[in-house]
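*Asks:* Input structure: coords22.txt, which contains compact mmCIF, C-alpha atoms.
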# COMPACT_ATOMS: atom_id res chain seq x y z
CA MET A 92 133.63 58.81 110.03
CA ALA A 93 130.94 57.12 108.07
CA GLY A 94 133.63 56.23 105.57
CA ASP A 95 135.35 53.84 108.00
CA ALA A 96 135.19 50.60 106.11
CA LYS A 97 133.94 47.87 108.40
CA GLY A 98 135.29 45.06 106.35
CA GLY A 99 138.28 47.09 105.17
CA ASP A 100 137.53 46.46 101.52
CA GLU A 101 134.42 48.46 100.77
CA LEU A 102 133.06 51.94 101.24
CA VAL A 103 130.39 52.49 103.87
CA PHE A 104 127.59 54.87 103.06
CA LYS A 105 125.70 55.94 106.16
CA PRO A 106 124.84 59.54 105.34
CA MET A 107 121.74 59.56 107.53
CA ASP A 108 123.29 58.03 110.65
CA GLN A 109 124.43 61.47 111.82
CA PHE A 110 120.77 62.43 112.29
CA LYS A 111 119.99 59.57 114.68
CA VAL A 112 118.68 60.68 118.03
CA GLU A 113 120.36 58.55 120.69
CA PRO A 114 120.81 58.75 124.44
CA PHE A 115 123.90 60.84 125.17
CA PHE A 116 124.83 58.73 128.19
CA GLY A 117 124.77 54.98 127.73
CA SER A 118 122.35 53.37 125.35
CA GLY A 119 118.78 52.23 125.18
CA ASP A 120 115.50 53.83 124.25
CA VAL A 121 114.95 57.53 123.95
CA ALA A 122 112.17 58.59 126.30
CA TRP A 123 110.84 62.14 126.37
CA TYR A 124 113.04 63.05 129.37
CA THR A 125 116.22 61.27 128.18
CA ILE A 126 119.29 63.44 127.78
CA SER A 127 119.87 62.70 124.12
CA ASN A 128 122.43 64.05 121.69
CA ALA A 129 119.71 66.45 120.54
CA THR A 130 119.37 67.68 124.13
CA VAL A 131 123.10 68.23 124.46
CA TRP A 132 123.45 70.20 121.26
CA MET A 133 120.37 72.31 122.00
CA ALA A 134 121.84 73.02 125.44
CA LEU A 135 125.14 73.99 123.81
CA ALA A 136 123.28 76.38 121.53
CA VAL A 137 121.63 77.97 124.59
CA LEU A 138 125.01 78.19 126.33
CA CYS A 139 126.54 79.86 123.28
CA ILE A 140 123.68 82.35 123.15
CA PHE A 141 124.24 83.04 126.85
CA ALA A 142 127.99 83.45 126.31
CA LEU A 143 127.59 85.79 123.36
CA LEU A 144 124.69 87.95 124.45
CA VAL A 145 125.05 87.96 128.24
CA LEU A 146 128.73 87.42 128.99
CA GLY A 147 129.73 89.29 125.84
CA SER A 148 127.80 92.38 126.87
CA SER A 149 128.57 92.17 130.61
CA LYS A 150 130.92 95.14 130.54
CA ARG A 151 128.31 97.43 128.93
CA SER A 152 131.15 99.32 127.28
CA ILE A 153 130.38 102.49 125.37
CA VAL A 154 133.24 101.49 123.10
CA PRO A 155 132.45 97.78 122.64
CA SER A 156 134.84 94.87 122.75
CA ARG A 157 134.86 92.47 119.80
CA ILE A 158 132.41 90.02 121.32
CA GLN A 159 130.13 92.83 122.45
CA SER A 160 130.24 94.19 118.89
CA ILE A 161 129.00 90.84 117.60
CA ALA A 162 126.22 90.78 120.22
CA GLU A 163 125.21 94.31 119.25
CA LEU A 164 125.38 93.43 115.58
CA ALA A 165 123.02 90.47 116.11
CA TYR A 166 120.70 92.65 118.19
CA GLY A 167 120.70 95.46 115.64
CA PHE A 168 120.26 93.05 112.73
CA ILE A 169 117.08 91.45 114.09
CA HIS A 170 115.79 94.64 115.69
CA LYS A 171 116.03 96.46 112.35
CA MET A 172 114.44 93.51 110.53
CA VAL A 173 111.45 93.47 112.90
CA GLU A 174 111.07 97.23 112.76
CA ASP A 175 111.39 97.41 108.96
CA ILE A 176 108.88 94.63 108.29
CA CYS A 177 106.39 94.81 111.17
CA GLY A 178 106.71 98.48 112.05
CA LYS A 179 107.05 99.99 115.51
CA GLU A 180 104.27 97.90 117.05
CA GLY A 181 106.09 94.74 115.94
CA LEU A 182 108.96 95.54 118.31
CA LYS A 183 106.87 94.13 121.16
CA TYR A 184 107.54 90.70 119.66
CA PHE A 185 111.25 91.34 119.09
CA PRO A 186 112.38 89.05 121.99
CA TYR A 187 110.42 86.11 120.53
CA ILE A 188 111.87 86.60 117.06
CA MET A 189 115.35 87.11 118.48
CA THR A 190 114.94 83.86 120.44
CA LEU A 191 114.09 81.96 117.26
CA PHE A 192 116.91 83.52 115.27
CA MET A 193 119.61 83.02 117.88
CA PHE A 194 118.56 79.42 118.55
CA ILE A 195 118.46 78.50 114.87
CA VAL A 196 121.67 80.25 113.95
CA PHE A 197 123.61 78.66 116.81
CA SER A 198 122.11 75.21 116.20
CA ASN A 199 123.07 75.49 112.55
CA PHE A 200 126.62 76.64 113.19
CA LEU A 201 127.28 74.20 116.03
CA GLY A 202 125.99 71.45 113.75
CA LEU A 203 128.83 72.25 111.35
CA ILE A 204 131.38 71.00 113.87
CA PRO A 205 132.42 67.53 112.70
CA THR A 206 130.63 64.76 114.65
CA ALA A 207 128.12 67.30 115.93
CA PHE A 208 124.36 66.81 115.95
CA THR A 209 122.20 69.43 114.26
CA PRO A 210 118.85 69.93 116.05
CA THR A 211 117.55 72.10 113.21
CA SER A 212 118.01 69.27 110.71
CA HIS A 213 115.09 67.53 112.40
CA ILE A 214 111.55 68.13 111.27
CA ALA A 215 110.38 67.62 114.85
CA VAL A 216 112.26 70.76 115.85
CA THR A 217 111.43 72.94 112.88
CA VAL A 218 107.77 71.90 112.83
CA ILE A 219 107.35 72.92 116.46
CA MET A 220 108.95 76.30 115.78
CA ALA A 221 106.94 76.81 112.58
CA MET A 222 103.70 75.76 114.26
CA ALA A 223 104.44 78.05 117.17
CA VAL A 224 104.85 80.94 114.73
CA PHE A 225 101.76 79.92 112.76
CA LEU A 226 99.52 79.60 115.82
CA THR A 227 100.85 82.76 117.42
CA VAL A 228 100.30 84.75 114.26
CA THR A 229 96.82 83.35 113.65
CA ILE A 230 95.63 83.83 117.24
CA LEU A 231 97.21 87.27 117.42
CA GLY A 232 95.52 88.25 114.17
CA PHE A 233 92.08 87.27 115.43
CA VAL A 234 92.66 88.81 118.86
CA LYS A 235 93.78 92.11 117.36
CA HIS A 236 91.35 92.40 114.47
CA GLY A 237 88.57 89.88 115.14
CA ALA A 238 86.91 88.78 111.95
CA GLY A 239 88.72 91.63 110.21
CA PHE A 240 91.79 89.40 110.17
CA LEU A 241 90.07 87.41 107.41
CA SER A 242 90.67 90.37 105.09
CA VAL A 243 94.20 89.04 104.78
CA PHE A 244 92.68 86.55 102.31
CA TRP A 245 90.59 89.16 100.48
CA ILE A 246 92.85 91.00 98.06
CA SER A 247 90.98 94.29 97.70
CA SER A 248 93.40 95.58 95.07
CA ALA A 249 92.51 92.73 92.66
CA PRO A 250 89.57 92.85 90.23
CA LEU A 251 86.33 91.80 91.94
CA ALA A 252 85.82 88.73 89.74
CA LEU A 253 89.23 87.37 90.64
CA ARG A 254 88.91 87.90 94.38
CA PRO A 255 87.14 84.62 95.31
CA ILE A 256 89.73 82.60 93.39
CA LEU A 257 92.55 84.58 94.93
CA ALA A 258 90.96 84.11 98.34
CA LEU A 259 90.98 80.36 97.85
CA ILE A 260 94.64 80.46 96.81
CA GLU A 261 95.45 82.71 99.74
CA VAL A 262 93.77 80.36 102.21
CA ILE A 263 95.64 77.37 100.84
CA SER A 264 98.94 79.22 100.88
CA TYR A 265 98.22 80.40 104.41
CA PHE A 266 97.88 76.85 105.67
CA VAL A 267 100.87 75.65 103.67
CA ARG A 268 103.02 78.27 105.38
CA PRO A 269 104.00 76.20 108.45
CA VAL A 270 104.85 73.25 106.18
CA SER A 271 107.14 75.20 103.89
CA HIS A 272 108.46 77.21 106.83
CA SER A 273 109.60 74.08 108.68
CA ILE A 274 110.60 71.82 105.75
CA ARG A 275 112.73 74.56 104.22
CA LEU A 276 114.99 74.81 107.27
CA ALA A 277 115.15 71.10 108.11
CA GLY A 278 115.57 70.11 104.46
CA ASN A 279 118.41 72.55 103.86
CA MET A 280 120.29 71.51 106.96
CA MET A 281 119.75 67.80 106.34
CA ALA A 282 120.67 67.90 102.66
CA GLY A 283 123.94 69.73 103.21
CA HIS A 284 125.06 67.47 106.02
CA ALA A 285 124.07 64.35 104.10
CA VAL A 286 125.96 65.49 101.00
CA ILE A 287 129.08 66.16 103.07
CA LYS A 288 128.76 62.66 104.52
CA VAL A 289 128.38 61.11 101.07
CA PHE A 290 131.56 62.81 99.86
CA ALA A 291 133.25 61.77 103.11
CA ALA A 292 132.33 58.17 102.34
CA PHE A 293 134.26 58.40 99.05
CA ALA A 294 137.33 59.93 100.70
CA PRO A 295 138.97 56.67 101.95
CA LEU A 296 138.81 55.08 98.48
CA VAL A 297 142.59 55.41 98.11
CA LEU A 298 142.99 52.89 100.95
CA ILE A 299 140.97 50.32 99.02
CA SER A 300 141.81 50.92 95.41
CA THR A 301 144.99 52.96 94.99
CA GLY A 302 144.61 53.57 91.27
CA ILE A 303 141.21 55.24 91.07
CA GLY A 304 141.50 56.35 94.71
CA LEU A 305 144.30 58.77 93.83
CA VAL A 306 141.80 60.69 91.74
CA VAL A 307 138.66 60.25 93.78
CA THR A 308 140.07 60.88 97.26
CA PRO A 309 141.47 64.41 96.57
CA LEU A 310 138.34 65.26 94.60
CA SER A 311 136.05 64.20 97.40
CA ILE A 312 138.10 66.11 99.97
CA ILE A 313 137.91 69.22 97.80
CA ALA A 314 134.18 68.62 97.42
CA ILE A 315 133.76 68.32 101.21
CA THR A 316 135.58 71.62 101.63
CA ALA A 317 133.45 73.33 99.01
CA ILE A 318 130.16 71.95 100.38
CA TYR A 319 131.26 72.89 103.88
CA ALA A 320 131.82 76.49 102.77
CA LEU A 321 128.40 76.46 101.15
CA GLU A 322 126.91 75.04 104.35
CA VAL A 323 128.39 77.89 106.39
CA LEU A 324 126.52 80.25 104.11
CA VAL A 325 123.36 78.14 104.22
CA SER A 326 123.47 77.97 108.01
CA PHE A 327 123.19 81.72 108.25
CA ILE A 328 120.87 82.21 105.30
CA GLN A 329 118.35 79.62 106.51
CA ALA A 330 118.27 81.16 109.98
CA TYR A 331 117.78 84.53 108.31
CA VAL A 332 115.04 83.20 106.03
CA PHE A 333 113.20 81.54 108.90
CA THR A 334 113.35 84.76 110.90
CA ILE A 335 112.35 87.09 108.08
CA LEU A 336 109.39 84.85 107.17
CA THR A 337 108.33 84.94 110.81
CA CYS A 338 108.42 88.73 110.60
CA VAL A 339 106.41 88.70 107.38
CA TYR A 340 103.76 86.43 108.93
CA LEU A 341 103.68 88.61 112.01
CA LYS A 342 103.13 91.64 109.80
CA ASP A 343 100.01 89.94 108.40
CA ALA A 344 98.67 89.55 111.92
CA LEU A 345 99.42 93.17 112.82
CA HIS A 346 98.30 94.73 109.51
CA PRO A 347 96.00 92.27 107.72
CA HIS A 348 94.83 94.91 105.22
CA HIS A 349 97.09 94.86 102.22
CA MET B 186 123.08 45.66 121.03
CA ALA B 187 120.20 43.34 120.34
CA ASP B 188 118.59 46.06 118.28
CA GLU B 189 121.73 46.57 116.26
CA ASN B 190 121.97 42.88 115.48
CA LEU B 191 118.34 42.89 114.46
CA VAL B 192 118.89 45.90 112.23
CA ASP B 193 121.96 44.34 110.67
CA LYS B 194 120.07 41.18 110.08
CA THR B 195 117.21 43.03 108.45
CA ALA B 196 119.61 44.99 106.33
CA THR B 197 121.30 41.82 105.23
CA ASP B 198 117.96 40.38 104.31
CA ILE B 199 117.26 43.43 102.17
CA GLY B 200 120.62 42.99 100.51
CA GLU B 201 122.34 46.25 101.52
CA PRO B 202 124.97 45.07 103.96
CA THR B 203 126.76 48.36 104.46
CA VAL B 204 123.88 50.82 104.44
CA SER B 205 122.29 51.70 107.76
CA GLU B 206 118.66 51.09 108.50
CA PRO B 207 116.43 52.47 105.76
CA GLY B 208 114.52 55.70 106.13
CA MET B 209 115.26 59.03 107.68
CA PRO B 210 115.90 59.34 111.42
CA GLN B 211 113.85 62.54 111.11
CA LEU B 212 110.75 60.43 110.53
CA ASP B 213 111.37 58.19 113.53
CA PHE B 214 108.47 59.50 115.55
CA THR B 215 109.60 57.70 118.71
CA THR B 216 112.20 60.41 119.21
CA TRP B 217 109.86 63.32 118.58
CA ASP B 218 108.62 63.65 122.16
CA ASN B 219 112.21 63.84 123.39
CA GLN B 220 113.18 66.47 120.81
CA ILE B 221 110.04 68.50 121.31
CA PHE B 222 110.39 68.48 125.08
CA TRP B 223 114.02 69.60 125.02
CA LEU B 224 113.37 72.08 122.22
CA VAL B 225 110.66 73.74 124.27
CA MET B 226 113.00 73.81 127.28
CA ALA B 227 115.78 75.31 125.17
CA LEU B 228 113.50 77.94 123.63
CA ILE B 229 112.07 78.91 127.02
CA ALA B 230 115.59 79.16 128.46
CA THR B 231 116.72 81.23 125.49
CA TYR B 232 113.66 83.44 125.75
CA PHE B 233 114.26 84.17 129.42
CA ILE B 234 117.96 84.77 128.91
CA LEU B 235 117.20 87.19 126.10
CA SER B 236 114.16 89.01 127.46
CA ARG B 237 115.34 89.28 131.08
CA VAL B 238 119.04 89.98 130.69
CA ALA B 239 120.58 90.18 127.25
CA LEU B 240 118.20 92.32 125.21
CA PRO B 241 117.50 95.03 127.83
CA ARG B 242 121.20 95.27 128.50
CA ILE B 243 122.28 95.48 124.87
CA GLY B 244 119.41 97.84 124.08
CA GLY B 245 120.48 99.99 127.02
CA VAL B 246 124.09 100.03 125.88
CA LEU B 247 123.06 101.00 122.35
CA ALA B 248 120.74 103.76 123.62
CA GLU B 249 123.42 105.02 125.97
CA ARG B 250 125.95 105.08 123.15
CA GLN B 251 123.49 106.90 120.92
CA GLY B 252 122.93 109.41 123.73
CA THR B 253 126.65 109.88 124.27
CA ILE B 254 127.24 110.37 120.57
CA SER B 255 124.44 112.92 120.20
CA ASN B 256 125.63 114.72 123.34
CA ASP B 257 129.16 114.82 122.02
CA ILE B 258 127.96 116.08 118.65
CA ALA B 259 125.84 118.74 120.35
CA ALA B 260 128.80 119.75 122.51
CA ALA B 261 131.03 119.88 119.44
CA GLU B 262 128.51 122.07 117.64
CA ASP B 263 128.30 124.30 120.69
CA LEU B 264 132.08 124.66 120.77
CA LYS B 265 132.12 125.31 117.05
CA ALA B 266 129.54 128.08 117.45
CA LYS B 267 131.65 129.52 120.27
CA ALA B 268 134.73 129.40 118.09
CA VAL B 269 132.87 131.19 115.30
CA ASP B 270 131.70 133.83 117.79
CA ALA B 271 135.21 134.23 119.09
CA GLU B 272 136.52 134.63 115.57
CA ALA B 273 133.86 137.25 114.81
CA ALA B 274 134.74 139.11 118.03
CA TYR B 275 138.41 138.95 117.14
CA ASP B 276 137.73 140.26 113.62
CA LYS B 277 135.59 143.05 115.02
CA ALA B 278 138.30 143.96 117.53
CA LEU B 279 140.83 143.98 114.72
CA VAL B 280 138.67 146.26 112.58
CA ASP B 281 138.03 148.54 115.56
CA ALA B 282 141.70 148.70 116.37
CA ARG B 283 142.52 149.51 112.74
CA SER B 284 139.97 152.33 112.54
CA GLU B 285 141.12 153.65 115.92
CA ALA B 286 144.69 153.60 114.72
CA GLY B 287 143.69 155.40 111.55
CA ARG B 288 141.81 157.98 113.54
CA ILE B 289 144.78 158.54 115.88
CA VAL B 290 147.13 158.88 112.94
CA ALA B 291 144.81 161.40 111.27
CA GLU B 292 144.52 163.36 114.53
CA ALA B 293 148.23 163.41 115.02
CA LYS B 294 148.72 164.49 111.45
CA ALA B 295 146.20 167.31 111.83
CA GLU B 296 147.84 168.45 115.08
CA ILE B 297 151.26 168.41 113.55
CA GLN B 298 149.94 170.27 110.52
CA ALA B 299 148.36 172.91 112.78
CA ASP B 300 151.55 173.30 114.77
CA LEU B 301 153.51 173.51 111.58
CA ASN B 302 151.18 176.15 110.16
CA VAL B 303 151.50 178.25 113.29
CA ALA B 304 155.25 177.88 113.26
CA ILE B 305 155.43 178.76 109.57
CA ALA B 306 153.20 181.76 110.08
CA LYS B 307 155.33 182.94 112.98
CA ALA B 308 158.49 182.37 111.05
CA ASP B 309 157.05 184.26 108.07
CA GLU B 310 156.09 187.10 110.34
CA GLU B 311 159.51 187.20 111.88
CA ILE B 312 161.11 187.08 108.50
CA ALA B 313 158.87 189.87 107.31
CA ALA B 314 159.69 191.95 110.39
CA LYS B 315 163.38 191.31 110.01
CA SER B 316 163.38 192.16 106.33
CA ALA B 317 161.38 195.34 106.97
CA GLU B 318 163.89 196.32 109.61
CA SER B 319 166.72 195.53 107.29
CA GLU B 320 165.16 197.52 104.50
CA LYS B 321 164.78 200.44 106.82
CA ALA B 322 168.37 200.12 107.89
CA ILE B 323 169.45 199.91 104.29
CA ALA B 324 167.39 202.95 103.41
CA GLU B 325 168.93 204.83 106.32
CA ILE B 326 172.35 203.75 105.27
CA ARG B 327 171.61 204.75 101.69
CA ALA B 328 170.27 208.11 102.75
CA GLY B 329 173.27 208.62 104.98
CA ALA B 330 175.55 207.66 102.17
CA LEU B 331 173.88 210.11 99.76
CA GLU B 332 174.25 212.92 102.26
CA SER B 333 177.87 212.09 102.79
CA VAL B 334 178.48 211.97 99.04
CA LYS B 335 176.90 215.41 98.72
CA GLU B 336 179.05 216.76 101.50
CA VAL B 337 182.13 215.20 100.03
CA ALA B 338 181.27 216.39 96.55
CA LYS B 339 180.69 219.92 97.74
CA ASP B 340 183.89 219.95 99.75
CA THR B 341 185.85 218.39 96.92
CA ALA B 342 184.39 220.80 94.39
CA LYS B 343 185.32 223.75 96.67
CA GLU B 344 188.81 222.38 97.11
CA ILE B 345 189.20 221.79 93.38
CA VAL B 346 187.93 225.27 92.61
CA ALA B 347 190.31 226.67 95.23
CA ALA B 348 193.15 224.63 93.85
CA MET B 349 192.43 225.82 90.36
CA GLY B 350 192.91 229.23 91.73
CA GLY B 351 189.45 230.34 91.57
CA LYS B 352 187.64 232.00 94.18
CA ALA B 353 185.09 229.67 95.32
CA ASP B 354 181.79 231.06 96.23
CA ALA B 355 180.43 228.48 98.61
CA LYS B 356 176.85 229.10 97.66
CA THR B 357 177.37 228.78 93.95
CA VAL B 358 179.45 225.67 94.28
CA ASN B 359 176.91 224.07 96.45
CA ALA B 360 174.14 224.91 94.03
CA ALA B 361 176.17 223.60 91.10
CA VAL B 362 176.97 220.36 92.90
CA THR B 363 173.36 219.85 93.90
CA ALA B 364 172.24 220.52 90.39
CA ARG B 365 174.78 218.09 89.01
CA MET B 366 173.83 215.38 91.50
CA LYS B 367 170.27 215.65 90.58
CA GLY B 368 171.51 215.11 87.12
Once more with this new file: its structure as structure tokens, please.
*Replies:*
Amino acid sequence: MAGDAKGGDELVFKPMDQFKVEPFFGSGDVAWYTISNATVWMALAVLCIFALLVLGSSKRSIVPSRIQSIAELAYGFIHKMVEDICGKEGLKYFPYIMTLFMFIVFSNFLGLIPTAFTPTSHIAVTVIMAMAVFLTVTILGFVKHGAGFLSVFWISSAPLALRPILALIEVISYFVRPVSHSIRLAGNMMAGHAVIKVFAAFAPLVLISTGIGLVVTPLSIIAITAIYALEVLVSFIQAYVFTILTCVYLKDALHPHH
Amino acid sequence: MADENLVDKTATDIGEPTVSEPGMPQLDFTTWDNQIFWLVMALIATYFILSRVALPRIGGVLAERQGTISNDIAAAEDLKAKAVDAEAAYDKALVDARSEAGRIVAEAKAEIQADLNVAIAKADEEIAAKSAESEKAIAEIRAGALESVKEVAKDTAKEIVAAMGGKADAKTVNAAVTARMKG
């Protein structure tokens, strides 16, 4: 706990320590190949995906077991999302979008385990995923439509006089997409975990100052519980938002004409 | 360890003894290569797990279930149609049987009526014959009786005339009696 008082007489606030990337075995510098805590929790996310989607569906039952139902639910959820937003031709990219969704959702939920590390709370991770989406969508748009892809910036339904201004805004917003796409996920995950840690730091106050601690300690524990519940919701919603935005961007590449 | 001491020292210098090193670990770019490398590994692993095994399998299971459900629904509709047909056939058979029964009843009734009519006619005939015979017999008897009365009257009149002391002329008496009886 970050709240463990080192000196025994004061509260310790280290809300950001949980985000430190450290070697999982031993100590020292983190090189690119080092098995770090980030590596371990990413690997756990992959293992969970494997357990749910592969082991869970291994029986191929017509009447599904509980775990197979969850796997089918996840499949149907993303499959329907891709089909609804991108249309039938978008289904070719369903495995990529499913990969992103499953990885994010499992990273988020595993990160909620106390003492866990949350890969998706790191901008390094979300920026790579957002840039991958951005580059894929942009390249795909030009490959599929050539220069016609530029019509995504030219709002033909707007009055002619407004179109150049709108085009400028569209271009800016297009290039801001990977930034907002990545910061939104990392920021949400980081903020929630940090807030929980801050409340956790207040929790041992009763050990230091009994009088005010009797009020603050229960309050902070209740607050941790409440924020934790919110974080469960946020974990899913942010994975969902990241995925649905990916679908929306992909739709632009497949159908650039508004 | 040396790093930690250094950090602690720096923190002390800044005047925040219990707060960890300033800044966000997210912006520590020395760890980015590690995270990016392992992220790419994880995503590739996930992609292969999903695209090679999980998604085809789950998609197959869902399609198979859809197929089974539509087959079952089709079979159920088939059976329902058969049931409706069977019910129609049953109703038709029932109606046929009813009309057949009605026809048989009517036939039987007509036959019985015909038989009855013949029997009644025969009986009437017999009755008529019998009554004619009886009438004849009665007429004979009546005629016989009239003759006998005439005989008796004539004989009685002769005897009475003889008893009265008269001399009975048979012819006269007879004529008188006949005349009287015609009366």
*Asks:* Write out as a PyMOL selection string which residues come within 7 Å of A:Ala344 when counting all atoms listed in the file, dropping same-chain ones fewer than 6 positions away.
*Replies:* chain A and resi 228-229+231-232
*Asks:* Set the distance at 8 Å and use all atoms listed in the file: which residues neighbour A:Ile274 once local chain neighbours fewer than 3 positions away are removed? I'd like the list as a VMD selection string.
*Replies:* chain A and resid 214 217 to 218 270 to 271 277 to 278
*Asks:* Taking all atoms listed in the file into account, what are the residues of chain A at most 7 Å from chain B, put as a PyMOL selection string?
*Replies:* chain A and resi 103-105+107+110-112+121-125+129-130+133-134+137+141+144-145+148+151+153+163+186-187+190+213-216
*Asks:* Applying 10 Å and only C-alpha atoms, which residues near A:Ala165 remain after dropping the ones on its own chain fewer than 2 positions away? List them as a PDB file with C-alpha atoms, in the frame of the given file.
*Replies:*
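Heads up, here's the output in result-v3.pdb:
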ATOM      1  CA  LEU A 143     127.590  85.790 123.360  1.00  0.00           C
ATOM      2  CA  LEU A 144     124.690  87.950 124.450  1.00  0.00           C
ATOM      3  CA  GLN A 159     130.130  92.830 122.450  1.00  0.00           C
ATOM      4  CA  SER A 160     130.240  94.190 118.890  1.00  0.00           C
ATOM      5  CA  ILE A 161     129.000  90.840 117.600  1.00  0.00           C
ATOM      6  CA  ALA A 162     126.220  90.780 120.220  1.00  0.00           C
ATOM      7  CA  GLU A 163     125.210  94.310 119.250  1.00  0.00           C
ATOM      8  CA  GLY A 167     120.700  95.460 115.640  1.00  0.00           C
ATOM      9  CA  PHE A 168     120.260  93.050 112.730  1.00  0.00           C
ATOM     10  CA  ILE A 169     117.080  91.450 114.090  1.00  0.00           C
ATOM     11  CA  HIS A 170     115.790  94.640 115.690  1.00  0.00           C
ATOM     12  CA  LYS A 171     116.030  96.460 112.350  1.00  0.00           C
ATOM     13  CA  MET A 189     115.350  87.110 118.480  1.00  0.00           C
ATOM     14  CA  PHE A 192     116.910  83.520 115.270  1.00  0.00           C
ATOM     15  CA  MET A 193     119.610  83.020 117.880  1.00  0.00           C
TER      16      MET A 193
END
*Asks:* Given the choices A:Thr301, A:Val286, A:Tyr340, A:Ser127, which gets closest to A:Ile315 if the distance is worked out from only C-alpha atoms?
*Replies:*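 Checking each of A:Thr301, A:Val286, A:Tyr340, A:Ser127 against A:Ile315, counting only C-alpha atoms, the winner is A:Val286.
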*Asks:* For atom CA of A:Leu146 and atom CA of A:Phe185, quote the distance in Å rounded to one decimal.
*Replies:*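 Computing the Euclidean distance for atom CA of A:Leu146 and atom CA of A:Phe185 yields 20.5 Å.
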*Asks:* Might you pull out every residue within 12 Å of A:His348, with only C-alpha atoms counted and same-chain residues fewer than 5 positions away left off, and present them as a JSON list (two decimals) with C-alpha atoms, keeping the file's coordinate frame?
*Replies:*
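This went into result_11.json:
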[["chain", "number", "residue", "atom", "x", "y", "z"],
["A", 232, "GLY", "CA", 95.52, 88.25, 114.17],
["A", 236, "HIS", "CA", 91.35, 92.40, 114.47],
["A", 239, "GLY", "CA", 88.72, 91.63, 110.21],
["A", 240, "PHE", "CA", 91.79, 89.40, 110.17],
["A", 241, "LEU", "CA", 90.07, 87.41, 107.41],
["A", 242, "SER", "CA", 90.67, 90.37, 105.09],
["A", 243, "VAL", "CA", 94.20, 89.04, 104.78],
["A", 244, "PHE", "CA", 92.68, 86.55, 102.31],
["A", 245, "TRP", "CA", 90.59, 89.16, 100.48],
["A", 246, "ILE", "CA", 92.85, 91.00, 98.06],
["A", 247, "SER", "CA", 90.98, 94.29, 97.70],
["A", 248, "SER", "CA", 93.40, 95.58, 95.07],
["A", 342, "LYS", "CA", 103.13, 91.64, 109.80],
["A", 343, "ASP", "CA", 100.01, 89.94, 108.40]]
*Asks:* Neighbours of A:Tyr184 within 10 Å (only C-alpha atoms; same-chain residues fewer than 6 positions away dropped), as a list in words?
*Replies:*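 Contacts, with the query itself left out: His170, Val173, Cys177, Cys338 and Leu341 of chain A.
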*Asks:* Using only C-alpha atoms, which of the listed residues (A:Leu345, A:Met172, A:Val131, A:Leu259) sits closest to A:Phe116?
*Replies:* A:Val131
*Asks:* So how many Å separate atom CA of B:Glu336 and atom CA of B:Ala361, to one decimal?
*Replies:* 12.8 Å
*Asks:* May I ask for the distance between atom CA of A:Ala249 and atom CA of A:Pro269, given in Å to one decimal place?
*Replies:*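 Pair atom CA of A:Ala249 / atom CA of A:Pro269 returns 25.6 Å.
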